[in-house]
$ cat entry-v7.cif   # mmCIF, C-alpha atoms
data_data
loop_
_atom_site.label_atom_id
_atom_site.label_comp_id
_atom_site.auth_asym_id
_atom_site.auth_seq_id
_atom_site.Cartn_x
_atom_site.Cartn_y
_atom_site.Cartn_z
CA MET Y 1 28.57 37.30 165.44
CA LYS Y 2 31.36 37.70 162.97
CA THR Y 3 31.05 40.47 160.47
CA LYS Y 4 31.91 39.85 156.84
CA GLN Y 5 34.98 41.94 157.17
CA GLU Y 6 36.39 39.81 159.96
CA GLU Y 7 35.86 36.67 157.98
CA THR Y 8 37.72 37.99 154.99
CA ASP Y 9 40.54 39.54 156.93
CA PHE Y 10 43.29 37.12 156.12
CA GLU Y 11 45.87 39.42 157.52
CA VAL Y 12 44.48 39.43 160.97
CA ARG Y 13 46.67 39.78 164.00
CA SER Y 14 48.68 36.67 163.40
CA LEU Y 15 49.39 37.22 159.73
CA ASP Y 16 50.78 40.68 159.47
CA THR Y 17 52.76 43.11 161.53
CA MET Y 18 49.57 44.92 162.35
CA CYS Y 19 48.61 44.65 165.99
CA ILE Y 20 50.86 41.76 166.85
CA ASN Y 21 53.95 41.87 169.00
CA GLU Y 22 52.19 44.35 171.17
CA SER Y 23 54.67 45.05 173.85
CA GLU Y 24 53.52 45.53 177.39
CA LEU Y 25 56.47 47.80 177.92
CA VAL Y 26 56.30 51.46 177.09
CA HIS Y 27 59.43 52.85 175.57
CA PRO Y 28 60.26 56.39 174.55
CA TRP Y 29 59.82 56.85 170.80
CA TRP Y 30 63.52 57.27 170.21
CA PHE Y 31 64.07 53.64 171.19
CA ASN Y 32 63.00 52.99 167.61
CA PHE Y 33 66.38 54.27 166.47
CA LYS Y 34 67.79 50.84 167.29
CA TYR Y 35 65.74 49.51 164.38
CA ALA Y 36 66.97 52.37 162.22
CA ALA Y 37 70.53 51.29 163.03
CA VAL Y 38 69.77 47.75 161.83
CA GLY Y 39 68.23 49.31 158.72
CA VAL Y 40 71.43 51.27 158.02
CA ILE Y 41 73.46 48.04 158.04
CA PHE Y 42 70.88 46.40 155.81
CA GLY Y 43 70.97 49.36 153.39
CA ILE Y 44 74.75 49.17 153.18
CA VAL Y 45 74.62 45.44 152.42
CA PHE Y 46 71.98 46.05 149.75
CA ILE Y 47 74.29 48.41 147.91
CA LYS Y 48 77.62 46.70 148.54
CA ALA Y 49 76.37 43.28 147.47
CA GLU Y 50 74.51 44.86 144.52
CA ILE Y 51 71.26 43.25 145.67
CA ILE Y 52 69.39 46.37 144.60
CA SER Y 53 70.89 46.21 141.12
CA TRP Y 54 68.27 45.87 138.41
CA PHE Y 55 70.89 43.97 136.40
CA ARG Y 56 71.49 41.39 139.15
CA ILE Y 57 67.76 40.67 139.31
CA GLN Y 58 67.61 40.16 135.53
CA GLU Y 59 70.63 37.83 135.75
CA MET Y 60 68.86 35.88 138.48
CA PHE Y 61 65.74 35.34 136.37
CA LYS Y 62 67.83 34.50 133.30
CA LEU Y 63 69.90 32.02 135.34
CA GLN Y 64 73.03 33.90 134.34
CA SER Y 65 74.32 34.41 137.84
CA PHE Y 66 74.32 32.50 141.09
CA HIS Y 67 74.73 35.69 143.14
CA MET Y 68 71.13 36.36 144.22
CA TYR Y 69 70.42 32.67 144.85
CA GLY Y 70 73.50 32.59 147.04
CA VAL Y 71 72.42 35.69 148.96
CA ILE Y 72 68.84 34.55 149.58
CA GLY Y 73 69.85 30.92 150.21
CA THR Y 74 72.50 31.88 152.77
CA ALA Y 75 70.10 34.31 154.45
CA VAL Y 76 67.47 31.57 154.80
CA VAL Y 77 69.97 29.07 156.24
CA VAL Y 78 71.36 31.62 158.74
CA GLY Y 79 67.83 32.79 159.57
CA ALA Y 80 66.54 29.25 160.06
CA ILE Y 81 69.42 28.31 162.38
CA SER Y 82 68.81 31.52 164.36
CA VAL Y 83 65.07 30.92 164.68
CA PHE Y 84 65.72 27.30 165.71
CA LEU Y 85 68.17 28.40 168.41
CA ILE Y 86 65.86 31.16 169.67
CA LYS Y 87 63.02 28.64 170.04
CA LYS Y 88 65.23 25.90 171.50
CA LEU Y 89 66.99 28.12 174.04
CA LYS Y 90 63.89 30.24 174.69
CA VAL Y 91 65.87 33.40 174.09
CA LYS Y 92 64.23 36.58 175.38
CA THR Y 93 64.40 40.07 173.94
CA VAL Y 94 66.87 42.59 175.37
CA HIS Y 95 63.95 43.89 177.44
CA GLY Y 96 63.25 40.43 178.84
CA GLU Y 97 60.10 39.83 176.82
CA GLU Y 98 59.25 36.55 175.20
CA ILE Y 99 59.95 36.13 171.48
CA THR Y 100 56.86 34.88 169.70
CA PHE Y 101 56.19 33.21 166.37
CA THR Y 102 52.88 32.72 164.63
CA ASN Y 103 52.08 30.21 161.95
CA LYS Y 104 51.07 31.55 158.57
CA LYS Y 105 47.81 30.27 157.15
CA PHE Y 106 47.60 29.32 153.52
CA ASN Y 107 45.28 31.31 151.30
CA GLN Y 108 45.02 31.78 147.55
CA GLY Y 109 46.49 35.25 147.87
CA GLN Y 110 49.90 33.71 148.33
CA ILE Y 111 49.57 32.29 144.80
CA TYR Y 112 47.90 35.17 142.94
CA GLY Y 113 49.63 37.91 144.90
CA GLY Y 114 52.92 36.02 144.73
CA LEU Y 115 52.74 35.80 140.93
CA LEU Y 116 51.84 39.49 140.61
CA PHE Y 117 54.66 40.53 142.92
CA GLY Y 118 57.05 38.32 140.94
CA LEU Y 119 56.09 40.13 137.74
CA GLY Y 120 56.66 43.50 139.42
CA TRP Y 121 59.92 42.35 141.00
CA ALA Y 122 61.38 41.50 137.59
CA ILE Y 123 60.21 44.82 136.06
CA THR Y 124 61.47 47.12 138.80
CA GLY Y 125 64.39 44.94 139.88
CA ALA Y 126 63.42 45.65 143.45
CA CYS Y 127 61.34 44.41 146.33
CA PRO Y 128 59.92 46.90 148.82
CA GLY Y 129 63.14 47.08 150.89
CA PRO Y 130 65.58 47.65 148.03
CA LEU Y 131 63.34 50.43 146.67
CA PHE Y 132 64.36 52.56 149.63
CA ALA Y 133 68.03 51.72 149.20
CA GLN Y 134 67.77 52.59 145.49
CA LEU Y 135 66.33 55.95 146.46
CA GLY Y 136 69.19 56.42 148.93
CA SER Y 137 71.73 55.53 146.27
CA GLY Y 138 70.68 58.66 144.40
CA SER Y 139 68.11 57.32 141.93
CA LEU Y 140 65.56 59.95 142.88
CA ALA Y 141 63.07 58.84 140.23
CA ILE Y 142 62.49 55.68 142.32
CA ILE Y 143 60.20 57.86 144.43
CA VAL Y 144 57.67 57.36 141.61
CA VAL Y 145 57.99 53.57 141.93
CA ILE Y 146 57.53 53.79 145.71
CA GLY Y 147 54.49 56.04 145.26
CA SER Y 148 53.03 53.59 142.79
CA ALA Y 149 53.71 50.68 145.14
CA MET Y 150 51.80 52.56 147.86
CA LEU Y 151 48.98 53.02 145.38
CA GLY Y 152 49.02 49.29 144.63
CA THR Y 153 48.81 48.50 148.34
CA TRP Y 154 45.99 50.99 148.73
CA VAL Y 155 44.02 49.54 145.82
CA TYR Y 156 44.47 46.07 147.30
CA GLY Y 157 43.12 47.34 150.63
CA LYS Y 158 40.18 48.97 148.88
CA PHE Y 159 39.14 45.88 146.91
CA ARG Y 160 40.34 43.03 149.09
CA ASP Y 161 36.81 41.90 149.93
CA LYS Y 162 36.21 41.24 146.25
CA LEU Y 163 39.44 39.36 145.60
CA PRO Y 164 39.69 35.58 145.89
CA HIS Y 165 41.59 34.50 148.99
CA MET A 166 90.52 46.51 154.97
CA ILE A 167 89.02 49.57 153.30
CA GLU A 168 89.81 47.89 150.01
CA ALA A 169 87.76 44.86 151.04
CA ILE A 170 84.81 47.04 152.06
CA THR A 171 84.67 49.14 148.91
CA GLN A 172 84.78 46.13 146.58
CA PRO A 173 81.41 44.49 145.83
CA TRP A 174 80.66 42.03 148.66
CA PRO A 175 80.36 38.32 147.88
CA TRP A 176 77.03 36.56 148.27
CA TYR A 177 77.98 34.58 151.37
CA VAL A 178 78.89 37.75 153.27
CA ALA A 179 75.69 39.53 152.24
CA GLY A 180 73.52 36.45 152.85
CA THR A 181 74.99 35.91 156.32
CA ILE A 182 74.43 39.54 157.38
CA ILE A 183 70.86 39.55 156.02
CA GLY A 184 70.17 36.22 157.74
CA LEU A 185 71.43 37.69 161.02
CA ILE A 186 68.94 40.55 160.73
CA VAL A 187 66.22 37.99 161.52
CA PRO A 188 67.45 37.20 165.08
CA THR A 189 68.64 40.78 165.61
CA LEU A 190 65.14 42.22 165.15
CA LEU A 191 63.64 39.41 167.24
CA ILE A 192 66.06 39.96 170.09
CA LEU A 193 65.87 43.74 169.96
CA GLY A 194 62.13 43.72 170.50
CA ASN A 195 60.29 40.67 169.15
CA LYS A 196 60.02 42.28 165.72
CA HIS A 197 59.59 40.19 162.62
CA PHE A 198 61.50 40.85 159.44
CA TRP A 199 58.63 42.18 157.32
CA ILE A 200 59.37 45.03 154.98
CA SER A 201 56.42 45.30 152.61
CA ALA A 202 54.12 46.00 155.57
CA ASN A 203 55.61 49.49 155.52
CA LEU A 204 53.67 50.27 152.37
CA ARG A 205 50.53 49.43 154.31
CA HIS A 206 51.63 51.54 157.27
CA MET A 207 52.29 54.47 154.95
CA CYS A 208 48.81 54.09 153.44
CA ALA A 209 47.33 53.84 156.93
CA ALA A 210 49.18 56.97 157.97
CA CYS A 211 48.47 59.05 154.85
CA PHE A 212 45.29 57.82 153.15
CA PRO A 213 43.24 55.56 155.44
CA SER A 214 40.03 56.76 153.68
CA ASN A 215 37.72 54.74 155.89
CA ILE A 216 39.02 51.48 154.43
CA PRO A 217 38.99 48.90 157.24
CA PHE A 218 42.29 47.45 156.02
CA PHE A 219 44.01 50.75 156.78
CA ASN A 220 42.25 51.65 159.99
CA TYR A 221 44.57 50.49 162.70
CA ASP A 222 47.06 52.14 164.95
CA TRP A 223 50.01 52.38 162.55
CA LYS A 224 52.01 54.25 165.17
CA LYS A 225 52.43 50.94 167.01
CA GLU A 226 54.29 49.70 163.95
CA SER A 227 56.45 52.78 163.59
CA TRP A 228 59.57 50.74 164.35
CA ASN A 229 59.23 49.37 160.81
CA LEU A 230 59.21 52.89 159.35
CA PHE A 231 62.41 53.63 161.31
CA PHE A 232 63.82 50.43 159.85
CA ILE A 233 63.22 51.48 156.22
CA GLY A 234 64.40 54.99 157.08
CA GLY A 235 67.64 53.29 158.12
CA ILE A 236 67.77 51.40 154.80
CA LEU A 237 67.50 54.73 152.97
CA VAL A 238 70.31 56.24 155.08
CA GLY A 239 72.40 53.07 154.58
CA GLY A 240 71.95 53.52 150.84
CA ILE A 241 73.22 57.10 151.06
CA ILE A 242 76.23 56.23 153.27
CA SER A 243 77.21 53.29 151.12
CA THR A 244 76.99 55.23 147.87
CA GLN A 245 78.79 58.30 149.22
CA TYR A 246 81.57 56.73 151.24
CA LEU A 247 81.96 53.04 150.47
CA SER A 248 81.47 52.78 146.74
CA SER A 249 83.85 51.03 144.44
CA PRO A 250 85.39 53.07 141.64
CA ASP A 251 85.16 50.11 139.27
CA PRO A 252 82.16 49.74 136.94
CA VAL A 253 79.48 47.17 137.79
CA VAL A 254 80.16 43.86 136.09
CA ILE A 255 77.27 42.63 133.95
CA HIS A 256 76.94 39.18 132.40
CA PRO A 257 77.93 39.55 128.72
CA ASP A 258 74.76 37.84 127.46
CA LEU A 259 72.60 40.23 129.48
CA ALA A 260 74.57 43.20 128.16
CA LYS A 261 74.07 41.93 124.61
CA ASP A 262 70.31 41.46 125.12
CA LEU A 263 69.88 44.91 126.64
CA THR A 264 71.94 46.61 123.96
CA GLN A 265 69.35 45.44 121.41
CA PHE A 266 66.80 47.55 123.27
CA GLY A 267 69.04 50.59 123.41
CA ILE A 268 70.08 50.07 127.03
CA THR A 269 73.78 50.69 126.96
CA ASP A 270 74.53 52.48 130.22
CA PHE A 271 75.48 49.84 132.79
CA SER A 272 77.25 52.25 135.14
CA GLY A 273 74.75 52.39 138.00
CA LEU A 274 72.83 49.85 140.02
CA VAL A 275 69.61 51.27 138.58
CA PRO A 276 69.69 51.75 134.79
CA VAL A 277 69.16 55.46 134.14
CA GLN A 278 67.88 54.69 130.67
CA LEU A 279 64.87 52.98 132.24
CA PHE A 280 64.30 54.63 135.59
CA SER A 281 64.50 58.41 135.50
CA PHE A 282 62.06 61.30 135.53
CA ASP A 283 62.51 61.75 131.75
CA GLN A 284 61.48 58.15 131.16
CA LEU A 285 58.13 58.80 132.82
CA PHE A 286 57.08 60.54 129.62
CA THR A 287 57.70 57.43 127.52
CA LEU A 288 55.33 54.48 127.37
CA ARG A 289 58.13 52.10 128.34
CA GLY A 290 59.16 54.17 131.34
CA LEU A 291 55.60 54.65 132.46
CA ILE A 292 54.86 50.91 132.33
CA MET A 293 58.07 50.01 134.12
CA MET A 294 58.05 52.64 136.87
CA VAL A 295 54.34 53.07 137.54
CA GLY A 296 53.12 49.64 136.42
CA GLY A 297 56.03 47.80 138.02
CA GLY A 298 55.66 49.69 141.28
CA PHE A 299 51.93 49.02 141.35
CA LEU A 300 52.47 45.27 140.90
CA VAL A 301 55.04 45.26 143.72
CA GLY A 302 52.68 47.06 146.11
CA PHE A 303 49.54 45.16 145.14
CA GLY A 304 51.21 41.77 144.86
CA THR A 305 53.12 41.86 148.13
CA ARG A 306 50.06 42.82 150.14
CA TYR A 307 47.87 40.27 148.35
CA ALA A 308 50.49 37.62 149.07
CA GLY A 309 50.82 38.87 152.65
CA GLY A 310 54.55 39.50 152.41
CA CYS A 311 57.56 40.02 150.18
CA THR A 312 61.02 38.59 149.87
CA SER A 313 61.78 39.42 153.50
CA GLY A 314 58.52 38.29 155.09
CA HIS A 315 57.96 35.14 153.06
CA ALA A 316 61.25 34.11 151.47
CA ILE A 317 63.55 34.89 154.39
CA MET A 318 61.50 35.19 157.61
CA GLY A 319 58.80 32.73 156.55
CA LEU A 320 61.18 30.06 155.27
CA SER A 321 63.43 30.53 158.32
CA ASP A 322 60.42 29.70 160.46
CA LEU A 323 59.60 26.72 158.15
CA GLN A 324 56.20 28.05 157.13
CA TRP A 325 54.97 26.14 154.09
CA PRO A 326 52.61 28.91 152.85
CA SER A 327 55.72 31.07 152.61
CA LEU A 328 57.33 28.45 150.40
CA VAL A 329 54.28 28.57 148.12
CA ALA A 330 54.53 32.37 147.99
CA THR A 331 58.28 32.27 147.33
CA ILE A 332 57.85 29.79 144.48
CA CYS A 333 55.16 32.05 142.99
CA PHE A 334 57.47 35.09 143.28
CA MET A 335 60.07 33.18 141.29
CA ILE A 336 57.57 31.95 138.66
CA GLY A 337 56.30 35.52 138.19
CA GLY A 338 59.86 36.80 137.87
CA PHE A 339 60.89 34.16 135.34
CA LEU A 340 57.76 34.84 133.25
CA MET A 341 58.35 38.57 133.26
CA THR A 342 62.08 38.63 132.52
CA ASN A 343 62.04 35.95 129.86
CA LEU A 344 58.66 36.25 128.17
CA ILE A 345 57.06 39.64 128.82
CA LEU A 346 59.86 42.13 129.50
CA PRO A 347 61.37 41.86 126.00
CA TYR A 348 58.11 43.24 124.60
CA ILE A 349 58.04 46.07 127.14
CA LEU A 350 61.69 46.95 126.51
CA ALA A 351 61.02 47.01 122.76
CA LEU A 352 58.42 49.80 123.17
#
$ encode --input "entry-v7.cif" --output "structure tokens"
Amino acid sequence: MKTKQEETDFEVRSLDTMCINESELVHPWWFNFKYAAVGVIFGIVFIKAEIISWFRIQEMFKLQSFHMYGVIGTAVVVGAISVFLIKKLKVKTVHGEEITFTNKKFNQGQIYGGLLFGLGWAITGACPGPLFAQLGSGSLAIIVVIGSAMLGTWVYGKFRDKLPH
Amino acid sequence: MIEAITQPWPWYVAGTIIGLIVPTLLILGNKHFWISANLRHMCAACFPSNIPFFNYDWKKESWNLFFIGGILVGGIISTQYLSSPDPVVIHPDLAKDLTQFGITDFSGLVPVQLFSFDQLFTLRGLIMMVGGGFLVGFGTRYAGGCTSGHAIMGLSDLQWPSLVATICFMIGGFLMTNLILPYILAL
């Protein structure tokens, strides 16, 4: 029998990072530094292309600059071609494991949550990734924004059973 | 060459590199480009408090925490060693709008007149830093992803729910910047 919690868990295995991609292989923990290296490149791009600039985000939402649309649009096109090729050629990971994709299921959270995140994105000028690059760029007060974002996530987790999905 | 690196990078360079992060993470270990999940992992690690949503083995997802750790380090490296000496260029209309609200310092990527520890003691700063952060954390988890998970990874994989989420991100952003933010900035 399904418990209530299972029924309302819209971020079950297939919908979030949690518990999926469970590798059969056991790697030493320091293998994770390869992801840190990718993060470093990402962080540099964030700063050098001014993606973490509060001003660039305002310009995007005021339609005063094409910059952010260009960045996100190009990223989607390059990402889509890559995903297509990985699926088509059945590319494996460097460890020889299969690369898997899972379909996202629609729920109302994508609308309500999406709108709320949009509001927050325009206030802070940052999504969760850029927040960390902003902190790295020396804006130490951003630690408050990150703390508050953690609180927001926590409050969502606490009340998610009561929210419409 | 160094000249080209220290100048602000054009959108097609940045977009291409960010797009390539998608296959890089997949090929390095079947990892999906999802950043906001880190906020959940940090909650799970620090304050699980018996909430089912946070009771899972976050250590299995620690690669993602390494990834954002890398973003932080990338931010430091870029600011310390690769930054351009020229001031950031702001659209003149935006500069004019912000000047009305007393925001005149356009030198950094993050406006110090809005986001600093001093500002926490003003109503405007409190709403923007604490309120804004809360909406980012709450909204991304409610939507099941952020700009990376839905807009880039989700759209790359042609997931229509991600398109819905992305459109809602944009609607929320347009509403805030054009209709609500002027009132907050006027505080």
$ atom_distance --input "entry-v7.cif" --atom1 "atom CA of A:His206" --atom2 "atom CA of Y:Met150"
9.5 Å
$ closest_residue --input "entry-v7.cif" --among "Y:Gln134, Y:Tyr112, Y:Lys162, Y:Glu50" --to "A:Tyr307" --atoms "only C-alpha atoms"
Y:Tyr112
$ atom_distance --input "entry-v7.cif" --atom1 "atom CA of A:His256" --atom2 "atom CA of Y:Trp54"
12.5 Å
$ resolve_selection --input "entry-v7.cif" --expression "the PyMOL selection byres ((chain A and resi 339-342) around 12)" --output "ChimeraX atom specification"
/Y:54-63,115-125 /A:259,262-263,293,297,300,332-338,343-350
$ atom_distance --input "entry-v7.cif" --atom1 "atom CA of Y:Trp30" --atom2 "atom CA of A:Leu230"
12.5 Å
$ residues_around --input "entry-v7.cif" --residues "stretch 234-250 of chain A" --least-positions-apart "4" --cutoff "10 Å" --atoms "all atoms listed in the file" --output "PyMOL selection string"
(chain Y and resi 33-48+52+129-138) or (chain A and resi 167-173+228-230)
$ closest_residue --input "entry-v7.cif" --among "A:Gly310, A:Pro175, A:Pro188, A:Gly267" --to "Y:Val83" --atoms "only C-alpha atoms"
A:Pro188
$ resolve_selection --input "entry-v7.cif" --expression "the PyMOL selection byres ((chain Y and resi 147-149) around 6)" --output "ChimeraX atom specification"
/Y:144-146,150-152 /A:295,298-299,301-302
$ closest_residue --input "entry-v7.cif" --among "A:Ile317, A:Val253, A:Leu352, A:Ala209" --to "chain Y" --atoms "all atoms listed in the file"
A:Ile317
$ closest_residue --input "entry-v7.cif" --among "Y:Trp154, Y:Ala49, Y:Ile99, Y:Gly79" --to "A:Cys211" --atoms "all atoms listed in the file"
Y:Trp154
$ closest_residue --input "entry-v7.cif" --among "A:Leu193, A:Val187, A:Phe266, A:Trp223" --to "Y:Val94" --atoms "all atoms listed in the file"
A:Leu193
$ closest_residue --input "entry-v7.cif" --among "Y:Ala80, Y:Lys87, Y:Glu98, Y:Ala126" --to "chain A" --atoms "all atoms listed in the file"
Y:Ala80
$ resolve_selection --input "entry-v7.cif" --expression "the PyMOL selection byres ((chain A and resi 220) around 12)" --output "JSON, numbers by chain"
{"Y": [18, 19, 154, 157, 158], "A": [205, 206, 207, 208, 209, 210, 211, 212, 213, 214, 215, 216, 217, 218, 219, 221, 222, 223, 224]}
$ write_last_selection --input "entry-v7.cif" --atoms "C-alpha atoms" --output "compact mmCIF listing (two decimals), in the frame of the given file"
# COMPACT_ATOMS: atom_id res chain seq x y z
CA MET Y 18 49.57 44.92 162.35
CA CYS Y 19 48.61 44.65 165.99
CA TRP Y 154 45.99 50.99 148.73
CA GLY Y 157 43.12 47.34 150.63
CA LYS Y 158 40.18 48.97 148.88
CA ARG A 205 50.53 49.43 154.31
CA HIS A 206 51.63 51.54 157.27
CA MET A 207 52.29 54.47 154.95
CA CYS A 208 48.81 54.09 153.44
CA ALA A 209 47.33 53.84 156.93
CA ALA A 210 49.18 56.97 157.97
CA CYS A 211 48.47 59.05 154.85
CA PHE A 212 45.29 57.82 153.15
CA PRO A 213 43.24 55.56 155.44
CA SER A 214 40.03 56.76 153.68
CA ASN A 215 37.72 54.74 155.89
CA ILE A 216 39.02 51.48 154.43
CA PRO A 217 38.99 48.90 157.24
CA PHE A 218 42.29 47.45 156.02
CA PHE A 219 44.01 50.75 156.78
CA TYR A 221 44.57 50.49 162.70
CA ASP A 222 47.06 52.14 164.95
CA TRP A 223 50.01 52.38 162.55
CA LYS A 224 52.01 54.25 165.17
$ residues_around --input "entry-v7.cif" --residues "A:Tyr177" --least-positions-apart "3" --cutoff "10 Å" --atoms "all atoms listed in the file" --output "number ranges by chain"
Y: 49, 67, 70-75; A: 174, 180-183
$ write_last_selection --input "entry-v7.cif" --atoms "C-alpha atoms" --output "short mmCIF file (atom, residue, chain, number, x, y, z; two decimals), keeping the file's coordinate frame"
data_model
loop_
_atom_site.label_atom_id
_atom_site.label_comp_id
_atom_site.auth_asym_id
_atom_site.auth_seq_id
_atom_site.Cartn_x
_atom_site.Cartn_y
_atom_site.Cartn_z
CA ALA Y 49 76.37 43.28 147.47
CA HIS Y 67 74.73 35.69 143.14
CA GLY Y 70 73.50 32.59 147.04
CA VAL Y 71 72.42 35.69 148.96
CA ILE Y 72 68.84 34.55 149.58
CA GLY Y 73 69.85 30.92 150.21
CA THR Y 74 72.50 31.88 152.77
CA ALA Y 75 70.10 34.31 154.45
CA TRP A 174 80.66 42.03 148.66
CA GLY A 180 73.52 36.45 152.85
CA THR A 181 74.99 35.91 156.32
CA ILE A 182 74.43 39.54 157.38
CA ILE A 183 70.86 39.55 156.02
#
$ decode --input "entry-v7.cif" --residues "stretch 73-90 of chain Y" --atoms "C-alpha atoms" --output "short mmCIF file (atom, residue, chain, number, x, y, z; two decimals), in the first residue's frame"
data_model
loop_
_atom_site.label_atom_id
_atom_site.label_comp_id
_atom_site.auth_asym_id
_atom_site.auth_seq_id
_atom_site.Cartn_x
_atom_site.Cartn_y
_atom_site.Cartn_z
CA GLY Y 73 19.66 30.18 -26.05
CA THR Y 74 23.13 29.09 -27.18
CA ALA Y 75 23.49 26.84 -24.13
CA VAL Y 76 20.17 25.13 -24.91
CA VAL Y 77 21.08 24.59 -28.58
CA VAL Y 78 24.54 23.19 -27.71
CA GLY Y 79 23.03 21.10 -24.90
CA ALA Y 80 20.27 19.73 -27.11
CA ILE Y 81 22.69 18.73 -29.88
CA SER Y 82 24.90 17.04 -27.26
CA VAL Y 83 22.02 15.13 -25.68
CA PHE Y 84 20.80 14.08 -29.14
CA LEU Y 85 24.25 12.78 -30.07
CA ILE Y 86 24.70 10.98 -26.74
CA LYS Y 87 21.37 9.20 -27.23
CA LYS Y 88 21.94 8.49 -30.93
CA LEU Y 89 25.48 7.17 -30.54
CA LYS Y 90 24.76 5.54 -27.18
#
